[in-house]
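**Q** Provided herewith: final_16.tsv, TSV, C-alpha atoms.
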```tsv
chain	number	residue	atom	x	y	z
A	149	MET	CA	51.89	88.67	58.82
A	150	LYS	CA	52.33	86.54	61.92
A	151	HIS	CA	55.16	87.76	64.18
A	152	GLU	CA	56.42	85.11	66.62
A	153	HIS	CA	58.38	86.13	69.69
A	154	LEU	CA	61.37	84.28	71.00
A	155	SER	CA	60.48	81.44	73.32
A	156	VAL	CA	61.36	81.64	77.01
A	157	TRP	CA	64.12	79.12	76.37
A	158	ASP	CA	65.55	81.24	73.55
A	159	ARG	CA	65.46	84.34	75.71
A	160	GLU	CA	67.32	82.48	78.43
A	161	GLU	CA	69.78	81.22	75.85
A	162	TYR	CA	70.35	84.79	74.74
A	163	VAL	CA	70.94	85.95	78.33
A	164	ILE	CA	73.28	83.03	79.00
A	165	GLY	CA	75.26	84.01	75.94
A	166	GLN	CA	74.32	81.21	73.56
A	167	ARG	CA	73.18	83.50	70.78
A	168	THR	CA	72.40	82.45	67.24
A	169	PRO	CA	72.34	84.93	64.33
A	170	ALA	CA	68.58	84.40	64.05
A	171	MET	CA	68.10	85.40	67.69
A	172	VAL	CA	70.24	88.49	67.31
A	173	GLN	CA	68.32	89.47	64.21
A	174	HIS	CA	64.99	88.96	65.95
A	175	ILE	CA	66.04	90.99	69.00
A	176	ALA	CA	67.09	93.82	66.73
A	177	GLN	CA	63.61	93.89	65.19
A	178	CYS	CA	61.28	92.92	68.08
A	179	GLU	CA	60.69	95.56	70.73
A	180	ASP	CA	58.89	93.21	73.16
A	181	CYS	CA	61.61	90.59	73.19
A	182	ARG	CA	64.30	93.26	73.38
A	183	SER	CA	62.73	94.95	76.39
A	184	ALA	CA	62.08	91.63	78.17
A	185	ILE	CA	65.68	90.59	77.73
A	186	ALA	CA	66.95	94.03	78.68
A	187	ALA	CA	64.96	93.90	81.94
A	188	THR	CA	66.47	90.53	82.84
A	189	GLN	CA	69.96	91.70	81.93
A	190	GLU	CA	69.51	94.86	83.97
A	191	ASP	CA	68.49	92.86	87.04
A	192	LEU	CA	71.49	90.61	86.59
A	193	GLU	CA	73.76	93.63	86.20
A	194	PHE	CA	72.49	95.16	89.43
A	195	PHE	CA	72.89	91.80	91.15
A	196	ARG	CA	76.47	91.53	89.90
A	197	ASP	CA	77.23	95.09	90.93
A	198	SER	CA	75.95	94.53	94.47
A	199	ALA	CA	77.87	91.25	94.73
A	200	ILE	CA	81.15	92.78	93.60
A	201	GLN	CA	80.71	95.83	95.80
A	202	TRP	CA	79.85	93.74	98.85
A	203	SER	CA	82.79	91.43	98.27
A	204	ALA	CA	85.20	94.34	97.83
A	205	ASP	CA	83.94	95.97	101.04
A	206	CYS	CA	84.28	92.75	103.01
A	207	LEU	CA	87.75	92.13	101.68
A	208	GLU	CA	88.82	95.64	102.52
A	209	ARG	CA	87.51	95.40	106.08
A	210	SER	CA	88.90	91.94	106.70
A	211	PRO	CA	91.45	92.28	109.54
A	212	ARG	CA	92.84	88.85	108.87
A	213	SER	CA	93.76	89.55	105.28
A	214	ALA	CA	97.31	90.70	105.76
A	215	GLN	CA	97.89	88.36	108.67
A	216	VAL	CA	96.66	85.28	106.82
A	217	ARG	CA	98.66	86.15	103.77
A	218	ARG	CA	101.82	86.63	105.75
A	219	SER	CA	101.32	83.42	107.68
A	220	ALA	CA	100.64	81.52	104.48
A	221	VAL	CA	103.97	82.56	103.09
A	222	PHE	CA	106.11	82.62	106.19
A	223	LEU	CA	104.67	79.86	108.35
A	224	PRO	CA	106.37	76.97	106.48
A	225	ALA	CA	109.61	78.92	106.32
A	226	PHE	CA	109.34	79.73	110.01
A	227	ARG	CA	108.81	76.06	110.84
A	228	TRP	CA	111.92	75.07	108.93
A	229	ALA	CA	113.94	77.83	110.56
A	230	LEU	CA	112.76	76.71	114.00
A	231	ALA	CA	113.68	73.11	113.22
A	232	ALA	CA	117.11	74.17	112.01
A	233	LEU	CA	117.63	76.28	115.11
A	234	LEU	CA	116.67	73.41	117.41
A	235	LEU	CA	119.00	71.12	115.52
A	236	ALA	CA	121.83	73.63	115.77
A	237	VAL	CA	121.38	73.91	119.52
A	238	LEU	CA	120.69	70.28	120.39
A	239	LEU	CA	123.27	68.61	118.16
A	240	PRO	CA	126.36	70.22	119.75
A	241	LEU	CA	124.93	69.56	123.22
A	242	SER	CA	124.40	65.89	122.51
A	243	LEU	CA	127.84	65.62	120.93
A	244	MET	CA	129.42	67.20	123.98
A	245	ARG	CA	127.65	64.74	126.25
A	246	THR	CA	128.67	61.76	124.12
A	247	GLY	CA	132.24	63.00	124.04
A	248	ARG	CA	132.33	63.06	127.82
A	249	HIS	CA	131.18	59.47	128.02
A	250	VAL	CA	133.50	58.21	125.34
A	251	ALA	CA	136.75	59.75	126.53
A	252	PRO	CA	136.93	59.96	130.30
A	253	SER	CA	140.30	61.03	131.59
A	254	PRO	CA	141.68	58.08	133.63
A	255	GLN	CA	143.44	58.69	136.92
A	256	PRO	CA	146.92	57.04	136.92
A	257	ASP	CA	146.73	55.81	140.53
A	258	ALA	CA	143.31	54.35	140.08
A	259	ALA	CA	144.46	52.57	136.90
A	260	MET	CA	147.37	50.99	138.73
A	261	SER	CA	145.23	49.77	141.59
A	262	ASP	CA	142.69	48.46	139.05
A	263	ASP	CA	145.45	46.50	137.29
A	264	ALA	CA	146.64	45.03	140.54
A	265	LEU	CA	143.15	44.13	141.55
A	266	LEU	CA	142.46	42.45	138.23
A	267	GLN	CA	145.68	40.48	138.47
A	268	GLN	CA	144.77	39.46	141.97
A	269	VAL	CA	141.36	38.28	140.89
A	270	ASP	CA	142.94	36.25	138.09
A	271	GLU	CA	145.25	34.62	140.54
A	272	GLU	CA	142.53	33.86	143.00
A	273	VAL	CA	140.48	32.23	140.30
A	274	SER	CA	143.37	30.12	139.04
A	275	GLU	CA	144.37	28.79	142.46
A	276	GLU	CA	143.46	25.26	143.50
A	277	VAL	CA	142.31	26.31	146.94
A	278	PRO	CA	139.39	28.72	146.81
A	279	SER	CA	140.14	32.14	148.09
A	280	SER	CA	137.44	31.82	150.72
A	281	MET	CA	139.55	29.09	152.35
A	282	GLU	CA	142.67	31.21	152.49
A	283	PRO	CA	143.48	33.71	155.17
A	284	LEU	CA	142.81	37.29	154.30
A	285	THR	CA	146.47	38.23	154.94
A	286	HIS	CA	147.31	36.73	151.51
A	287	LEU	CA	145.67	39.61	149.82
A	288	VAL	CA	148.09	42.11	148.38
A	289	SER	CA	147.79	45.78	147.68
A	290	ALA	CA	148.86	47.71	144.61
A	291	GLY	CA	152.65	47.96	144.27
A	292	THR	CA	153.53	44.95	146.53
A	293	TYR	CA	152.35	42.21	144.15
A	294	ARG	CA	154.68	39.46	142.93
A	295	ALA	CA	153.79	36.84	140.36
A	296	PRO	CA	153.70	33.22	141.62
A	297	ALA	CA	156.56	30.92	140.67
A	298	ASP	CA	154.58	28.02	139.25
A	299	SER	CA	152.68	28.74	136.09
A	300	ARG	CA	149.51	27.05	135.01
A	301	PRO	CA	147.43	27.52	131.89
A	302	PHE	CA	144.99	29.74	133.77
A	303	GLU	CA	147.85	31.83	135.10
A	304	ARG	CA	149.16	32.33	131.57
A	305	THR	CA	145.83	33.71	130.60
A	306	ALA	CA	145.88	35.91	133.64
A	307	GLU	CA	149.32	37.22	132.70
A	308	GLY	CA	148.04	37.97	129.23
A	309	SER	CA	145.07	39.89	130.53
A	310	HIS	CA	147.35	41.74	132.92
A	311	SER	CA	149.61	42.91	130.11
A	312	SER	CA	146.68	43.87	127.94
A	313	VAL	CA	145.18	45.95	130.74
A	314	GLN	CA	148.53	47.59	131.39
A	315	SER	CA	149.06	48.46	127.79
A	316	ASN	CA	145.89	50.46	127.95
B	80	MET	CA	115.20	70.93	69.07
B	81	GLU	CA	112.78	72.87	66.92
B	82	GLN	CA	115.46	73.33	64.25
B	83	ILE	CA	116.17	69.60	64.08
B	84	ILE	CA	112.50	68.79	63.54
B	85	TYR	CA	112.22	71.51	60.97
B	86	ALA	CA	115.26	70.18	59.07
B	87	GLY	CA	113.60	66.77	58.98
B	88	GLN	CA	110.49	68.29	57.53
B	89	LEU	CA	112.54	70.02	54.86
B	90	THR	CA	114.11	66.72	53.86
B	91	ARG	CA	110.78	64.99	53.57
B	92	PHE	CA	108.83	67.84	52.02
B	93	PRO	CA	111.28	70.01	50.09
B	94	GLU	CA	108.48	71.72	48.16
B	95	ARG	CA	107.19	73.28	51.41
B	96	SER	CA	110.49	74.90	52.28
B	97	ALA	CA	109.65	78.00	50.31
B	98	ASN	CA	107.05	79.06	52.86
B	99	PRO	CA	107.49	77.11	56.09
B	100	ALA	CA	105.27	79.45	58.10
B	101	ALA	CA	102.26	78.37	56.09
B	102	THR	CA	102.63	74.65	56.87
B	103	GLY	CA	100.33	72.96	59.33
B	104	ASP	CA	103.30	71.47	61.18
B	105	THR	CA	104.77	74.87	61.88
B	106	VAL	CA	101.43	76.20	63.04
B	107	ALA	CA	101.06	73.17	65.30
B	108	SER	CA	104.52	73.68	66.74
B	109	GLU	CA	103.73	77.36	67.30
B	110	ALA	CA	100.60	76.34	69.17
B	111	GLY	CA	102.60	73.82	71.17
B	112	ARG	CA	105.17	76.44	72.06
B	113	GLU	CA	102.43	78.83	73.13
B	114	LYS	CA	100.81	76.12	75.24
B	115	ALA	CA	104.14	75.27	76.86
B	116	ARG	CA	104.78	78.95	77.56
B	117	ARG	CA	101.35	79.32	79.21
B	118	PHE	CA	101.92	76.16	81.23
B	119	ASP	CA	105.27	77.47	82.48
B	120	GLN	CA	103.65	80.77	83.35
B	121	ALA	CA	100.86	79.00	85.22
B	122	LEU	CA	103.36	76.92	87.18
B	123	ALA	CA	105.31	80.05	88.03
B	124	GLU	CA	102.11	81.66	89.30
B	125	LEU	CA	101.20	78.62	91.37
B	126	GLY	CA	104.70	78.46	92.80
B	127	ASP	CA	104.61	82.00	94.12
B	128	MET	CA	102.12	82.63	96.92
B	129	ASP	CA	102.46	86.39	96.54
B	130	VAL	CA	101.46	86.19	92.89
B	131	LEU	CA	98.63	83.81	93.70
B	132	TYR	CA	97.28	86.15	96.32
B	133	SER	CA	97.57	89.31	94.31
B	134	SER	CA	96.09	87.75	91.17
B	135	TYR	CA	93.33	85.46	92.40
B	136	ARG	CA	92.48	86.20	95.99
B	137	SER	CA	89.67	88.69	95.35
B	138	ARG	CA	88.06	86.44	92.74
B	139	ILE	CA	88.12	83.29	94.90
B	140	TYR	CA	87.07	85.26	97.95
B	141	ARG	CA	84.09	86.70	96.07
B	142	TYR	CA	83.01	83.28	94.87
B	143	ALA	CA	83.33	81.81	98.37
B	144	LEU	CA	81.59	84.80	99.94
B	145	LEU	CA	78.63	84.66	97.57
B	146	SER	CA	78.36	80.90	98.01
B	147	LEU	CA	78.60	80.90	101.81
B	148	ARG	CA	77.47	84.45	102.63
B	149	ASP	CA	79.94	84.53	105.50
B	150	PRO	CA	82.96	86.88	105.26
B	151	GLU	CA	85.09	85.08	107.85
B	152	LEU	CA	84.39	81.69	106.38
B	153	ALA	CA	85.08	83.01	102.89
B	154	GLU	CA	88.41	84.40	104.03
B	155	SER	CA	89.40	81.11	105.58
B	156	LEU	CA	88.28	79.12	102.56
B	157	THR	CA	90.15	81.44	100.19
B	158	HIS	CA	93.30	80.93	102.18
B	159	ASP	CA	92.82	77.15	102.15
B	160	CYS	CA	92.14	77.17	98.43
B	161	LEU	CA	95.24	79.15	97.51
B	162	LEU	CA	97.43	77.14	99.86
B	163	LYS	CA	96.10	73.86	98.50
B	164	ALA	CA	96.75	75.01	94.96
B	165	HIS	CA	100.26	76.10	95.87
B	166	ASN	CA	101.06	72.82	97.60
B	167	ALA	CA	99.49	70.68	94.87
B	168	ARG	CA	100.94	72.62	91.95
B	169	ALA	CA	102.72	69.50	90.72
B	170	GLN	CA	99.30	68.06	89.90
B	171	PHE	CA	98.39	70.98	87.62
B	172	ARG	CA	98.42	69.60	84.08
B	173	GLY	CA	97.58	72.75	82.19
B	174	ASP	CA	94.23	71.46	80.91
B	175	CYS	CA	92.60	74.68	82.06
B	176	SER	CA	93.62	78.10	83.28
B	177	VAL	CA	94.87	78.69	86.81
B	178	ALA	CA	91.68	80.64	87.55
B	179	THR	CA	89.54	77.69	86.52
B	180	TRP	CA	91.68	75.28	88.52
B	181	LEU	CA	91.39	77.48	91.60
B	182	THR	CA	87.63	77.74	91.09
B	183	ARG	CA	87.44	73.96	90.98
B	184	ILE	CA	89.36	73.68	94.26
B	185	ALA	CA	87.18	76.36	95.82
B	186	THR	CA	84.03	74.60	94.60
B	187	ASN	CA	85.15	71.36	96.21
B	188	LEU	CA	85.99	73.14	99.44
B	189	ILE	CA	82.59	74.83	99.48
B	190	ARG	CA	80.87	71.51	98.81
B	191	ASP	CA	82.86	69.81	101.55
B	192	HIS	CA	82.01	72.56	103.95
B	193	ILE	CA	78.31	72.46	103.19
B	194	ARG	CA	78.32	68.66	103.43
B	195	SER	CA	80.13	68.78	106.74
B	196	ARG	CA	77.41	70.98	108.14
B	197	LYS	CA	74.82	68.49	106.85
B	198	MET	CA	72.49	71.31	105.99
B	199	GLN	CA	71.74	73.88	103.37
B	200	PHE	CA	74.20	76.46	104.48
B	201	TRP	CA	72.42	79.38	102.96
B	202	LYS	CA	69.21	78.47	104.74
B	203	ALA	CA	70.87	78.22	108.10
B	204	ALA	CA	73.74	80.62	107.92
B	205	SER	CA	76.14	81.06	110.79
B	206	ASN	CA	76.27	83.99	113.18
B	207	THR	CA	78.73	85.84	111.00
B	208	ALA	CA	76.53	85.60	107.91
B	209	VAL	CA	75.37	88.86	106.41
B	210	ASP	CA	71.77	89.91	105.89
B	211	ILE	CA	70.61	90.04	102.29
B	212	GLY	CA	69.27	93.56	102.73
B	213	GLU	CA	72.75	94.69	103.67
B	214	ILE	CA	74.14	93.18	100.48
B	215	ALA	CA	71.54	94.90	98.32
B	216	ASP	CA	72.32	98.21	100.04
B	217	ARG	CA	75.92	98.01	98.82
B	218	MET	CA	74.75	98.33	95.26
B	219	ARG	CA	75.81	101.49	93.52
B	220	ALA	CA	73.07	103.16	91.51
B	221	PRO	CA	74.62	106.23	89.94
B	222	GLY	CA	72.31	108.51	88.02
B	223	LEU	CA	69.13	107.18	89.61
B	224	THR	CA	66.69	109.25	91.61
B	225	PRO	CA	66.30	108.22	95.26
B	226	GLU	CA	62.93	106.64	94.46
B	227	ALA	CA	64.26	104.70	91.50
B	228	SER	CA	67.29	103.66	93.52
B	229	LEU	CA	65.02	102.36	96.27
B	230	LEU	CA	63.01	100.34	93.76
B	231	VAL	CA	66.15	98.88	92.24
B	232	ARG	CA	67.46	97.92	95.67
B	233	GLU	CA	64.22	96.17	96.42
B	234	ARG	CA	64.47	94.22	93.18
B	235	VAL	CA	68.06	93.26	93.91
B	236	LYS	CA	67.09	92.18	97.39
B	237	HIS	CA	64.38	89.93	95.94
B	238	LEU	CA	66.87	88.60	93.43
B	239	TRP	CA	69.29	87.69	96.22
B	240	GLU	CA	66.51	85.92	98.07
B	241	HIS	CA	65.64	83.88	95.00
B	242	VAL	CA	69.26	83.05	94.32
B	243	GLU	CA	69.44	81.88	97.92
B	244	ASN	CA	66.68	79.39	97.25
B	245	LEU	CA	68.47	77.80	94.29
B	246	SER	CA	70.10	74.42	94.70
B	247	GLY	CA	73.83	74.37	95.42
B	248	ASN	CA	74.87	73.51	91.86
B	249	GLN	CA	72.42	75.96	90.30
B	250	ARG	CA	73.65	78.75	92.54
B	251	SER	CA	77.30	78.03	91.87
B	252	VAL	CA	76.77	77.93	88.12
B	253	PHE	CA	74.64	81.07	88.28
B	254	LEU	CA	77.27	82.97	90.27
B	255	LEU	CA	80.11	81.86	88.01
B	256	ARG	CA	78.24	82.91	84.88
B	257	PHE	CA	76.58	86.14	85.95
B	258	VAL	CA	78.97	87.49	88.58
B	259	GLU	CA	82.32	86.10	87.50
B	260	GLU	CA	81.24	86.17	83.83
B	261	GLN	CA	83.01	82.90	83.10
B	262	GLU	CA	82.52	81.03	79.85
B	263	LEU	CA	80.37	77.91	79.91
B	264	ALA	CA	83.38	75.70	79.13
B	265	ASP	CA	85.30	77.16	82.08
B	266	ILE	CA	82.33	76.69	84.37
B	267	ALA	CA	82.03	73.10	83.18
B	268	ALA	CA	85.70	72.51	83.95
B	269	ALA	CA	85.45	74.19	87.34
B	270	MET	CA	82.32	72.33	88.35
B	271	ASN	CA	83.45	69.03	86.84
B	272	MET	CA	80.34	68.87	84.63
B	273	ASN	CA	79.75	68.80	80.93
B	274	ILE	CA	78.58	71.94	79.17
B	275	GLY	CA	75.08	70.56	78.65
B	276	THR	CA	74.64	70.13	82.40
B	277	VAL	CA	75.92	73.64	83.01
B	278	LYS	CA	73.41	75.03	80.51
B	279	SER	CA	70.65	73.02	82.09
B	280	HIS	CA	71.48	74.40	85.54
B	281	LEU	CA	71.59	77.93	84.16
B	282	HIS	CA	68.21	77.56	82.47
B	283	ARG	CA	66.64	76.17	85.61
B	284	ALA	CA	68.16	78.92	87.72
B	285	LEU	CA	67.02	81.67	85.35
B	286	SER	CA	63.58	80.15	85.05
B	287	ALA	CA	63.16	79.86	88.82
B	288	ILE	CA	64.35	83.41	89.35
B	289	ARG	CA	62.12	84.79	86.58
B	290	VAL	CA	59.03	83.08	87.99
B	291	ALA	CA	59.84	84.20	91.52
B	292	MET	CA	60.52	87.79	90.40
B	293	GLU	CA	57.19	87.91	88.53
B	294	LYS	CA	55.40	86.67	91.63
B	295	SER	CA	57.07	89.22	93.85
B	296	LYS	CA	56.06	92.14	91.62
```
What would the structure in this file look like if it were written as structure tokens?

**A**
Amino acid sequence: MKHEHLSVWDREEYVIGQRTPAMVQHIAQCEDCRSAIAATQEDLEFFRDSAIQWSADCLERSPRSAQVRRSAVFLPAFRWALAALLLAVLLPLSLMRTGRHVAPSPQPDAAMSDDALLQQVDEEVSEEVPSSMEPLTHLVSAGTYRAPADSRPFERTAEGSHSSVQSN
Amino acid sequence: MEQIIYAGQLTRFPERSANPAATGDTVASEAGREKARRFDQALAELGDMDVLYSSYRSRIYRYALLSLRDPELAESLTHDCLLKAHNARAQFRGDCSVATWLTRIATNLIRDHIRSRKMQFWKAASNTAVDIGEIADRMRAPGLTPEASLLVRERVKHLWEHVENLSGNQRSVFLLRFVEEQELADIAAAMNMNIGTVKSHLHRALSAIRVAMEKSK
């Protein structure tokens, strides 16, 4: 009776795990095929064993393992915390600076002299004769100013601006 | 929600109400529930870096190490792989297991790395790459005599050399099947191939190794 062995392809199929019932039956009965497949499987087992052992050894010796793992988890959190910290420090500082610019405390004397000066400028502008033609003794200082008797449209505007400045 | 659907089924098919567990609809809904539960579990795993590391690090590291033969590079790639998976967890659709998804990411990273070097990495390994003899020496051979152990180590060393000479795809498929012991369908999903291609690569790899091992005897 002719006894045919499994083909190389079938043996490889068996090793890969693609086993048919006919293959399994043949392996159970054929010593040659069984030993050939067993030799291949043994080599692959030793290969796998060495691979797993080598990998485990490398992983165990890896100094970066713990560090990398920690950084992977904490690095994003650390970045956010740093950003929040920077924001917490910089925001009040910038607000303080802005506050200083927005609300300066005015000096009362300086405000009065400013008002007088503004009123004087208004008057100078509204006069028919340019101020450059007038003697410098016409200039007044804060506290000695008197409004002119005749009123013109420009002077009315000047009065208005004077009152608005004073109200501030 | 499940109760509402089930009540609808009772209205339409009152004769099935006697044994609802035996109906195909109920079995389908059970399968759907199980799938949803696994998907939620996978998302929870992907969302927790500690779980990812403790569950999958050694597996991905081993795959990267065997593919690149460089411990430092493997460590870095493993870290990248797990971080990428964690950051891209919203893209996980549950078509495969988390392990398969991670293997796919690792495979792409390994491919990218090898491409970026524009060379067969195994043939021109970096300074930190490990000698094949050293790998074979790690093999445990309990119960063998020193002579037999030496012979086995020599065979394993030859096997490593032949695996080194495989093409990139053949080697990856070979490692996933015979070291990671993954199913062909999982390998196909991880490598983005169909099962027939995976089988073809495995046959070619086994054939090349068998021929080379016979020659080296």

**Q** Taking all atoms listed in the file into account and nothing else, which residues of chain A lie no more than 6 Å away from chain B? Please answer as a list in words.

**A** Phe195, Arg196, Asp197, Ser198, Trp202 and Ser203 of chain A

**Q** Could you tell me how far CA of Met244 (chain A) lies from CA of Ala231 (chain A), in Å and to one decimal?

**A**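 Going from CA of Met244 (chain A) over to CA of Ala231 (chain A), I get 20.0 Å.
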
**Q** I'd like to know which of A:Ala229, A:Leu241, A:Leu266, A:Leu154 is closest to Cys178 (chain A), using all atoms listed in the file.

**A** A:Leu154

**Q** Taking (87.4, 73.4, 84.4) in the file's own coordinates, collect the residues within 10 Å, counting all atoms listed in the file, and hand them back as a PyMOL selection string.

**A** chain B and resi 174-183+263-273

**Q** Please measure the separation of CA of Asn248 (chain B) and CA of Gly165 (chain A), giving the value in Å to one decimal.

**A** 19.1 Å

**Q** In Å, rounded to a single decimal, give me how far CA of Asp158 (chain A) is from CA of Ala170 (chain A).

**A**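 These atoms are spaced 10.5 Å apart.
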
**Q** Using only the atoms of region 143-156 of chain B listed in the file, plus 6 Å on each side, state the axis-aligned box centre and edge lengths in Å rounded to one decimal, as AutoDock Vina command-line options.

**A**
```
--center_x 83.4 --center_y 83.0 --center_z 102.7 --size_x 23.9 --size_y 19.8 --size_z 22.3
```

**Q** Which residues, written as a PyMOL selection string, have at least one atom at most 12 Å from Leu122 (chain B), with all atoms listed in the file counted and residues fewer than 2 positions away on the same chain left out?

**A** chain B and resi 115-120+124-128+130-131+164-173+176-177+180

**Q** Restricting the output to C-alpha atoms, write the selected residues as an mmCIF file, in the coordinates of the input.

**A**
```cif
data_model
loop_
_atom_site.group_PDB
_atom_site.id
_atom_site.type_symbol
_atom_site.label_atom_id
_atom_site.label_comp_id
_atom_site.auth_asym_id
_atom_site.auth_seq_id
_atom_site.Cartn_x
_atom_site.Cartn_y
_atom_site.Cartn_z
ATOM 1 C CA ALA B 115 104.140 75.270 76.860
ATOM 2 C CA ARG B 116 104.780 78.950 77.560
ATOM 3 C CA ARG B 117 101.350 79.320 79.210
ATOM 4 C CA PHE B 118 101.920 76.160 81.230
ATOM 5 C CA ASP B 119 105.270 77.470 82.480
ATOM 6 C CA GLN B 120 103.650 80.770 83.350
ATOM 7 C CA GLU B 124 102.110 81.660 89.300
ATOM 8 C CA LEU B 125 101.200 78.620 91.370
ATOM 9 C CA GLY B 126 104.700 78.460 92.800
ATOM 10 C CA ASP B 127 104.610 82.000 94.120
ATOM 11 C CA MET B 128 102.120 82.630 96.920
ATOM 12 C CA VAL B 130 101.460 86.190 92.890
ATOM 13 C CA LEU B 131 98.630 83.810 93.700
ATOM 14 C CA ALA B 164 96.750 75.010 94.960
ATOM 15 C CA HIS B 165 100.260 76.100 95.870
ATOM 16 C CA ASN B 166 101.060 72.820 97.600
ATOM 17 C CA ALA B 167 99.490 70.680 94.870
ATOM 18 C CA ARG B 168 100.940 72.620 91.950
ATOM 19 C CA ALA B 169 102.720 69.500 90.720
ATOM 20 C CA GLN B 170 99.300 68.060 89.900
ATOM 21 C CA PHE B 171 98.390 70.980 87.620
ATOM 22 C CA ARG B 172 98.420 69.600 84.080
ATOM 23 C CA GLY B 173 97.580 72.750 82.190
ATOM 24 C CA SER B 176 93.620 78.100 83.280
ATOM 25 C CA VAL B 177 94.870 78.690 86.810
ATOM 26 C CA TRP B 180 91.680 75.280 88.520
#
```
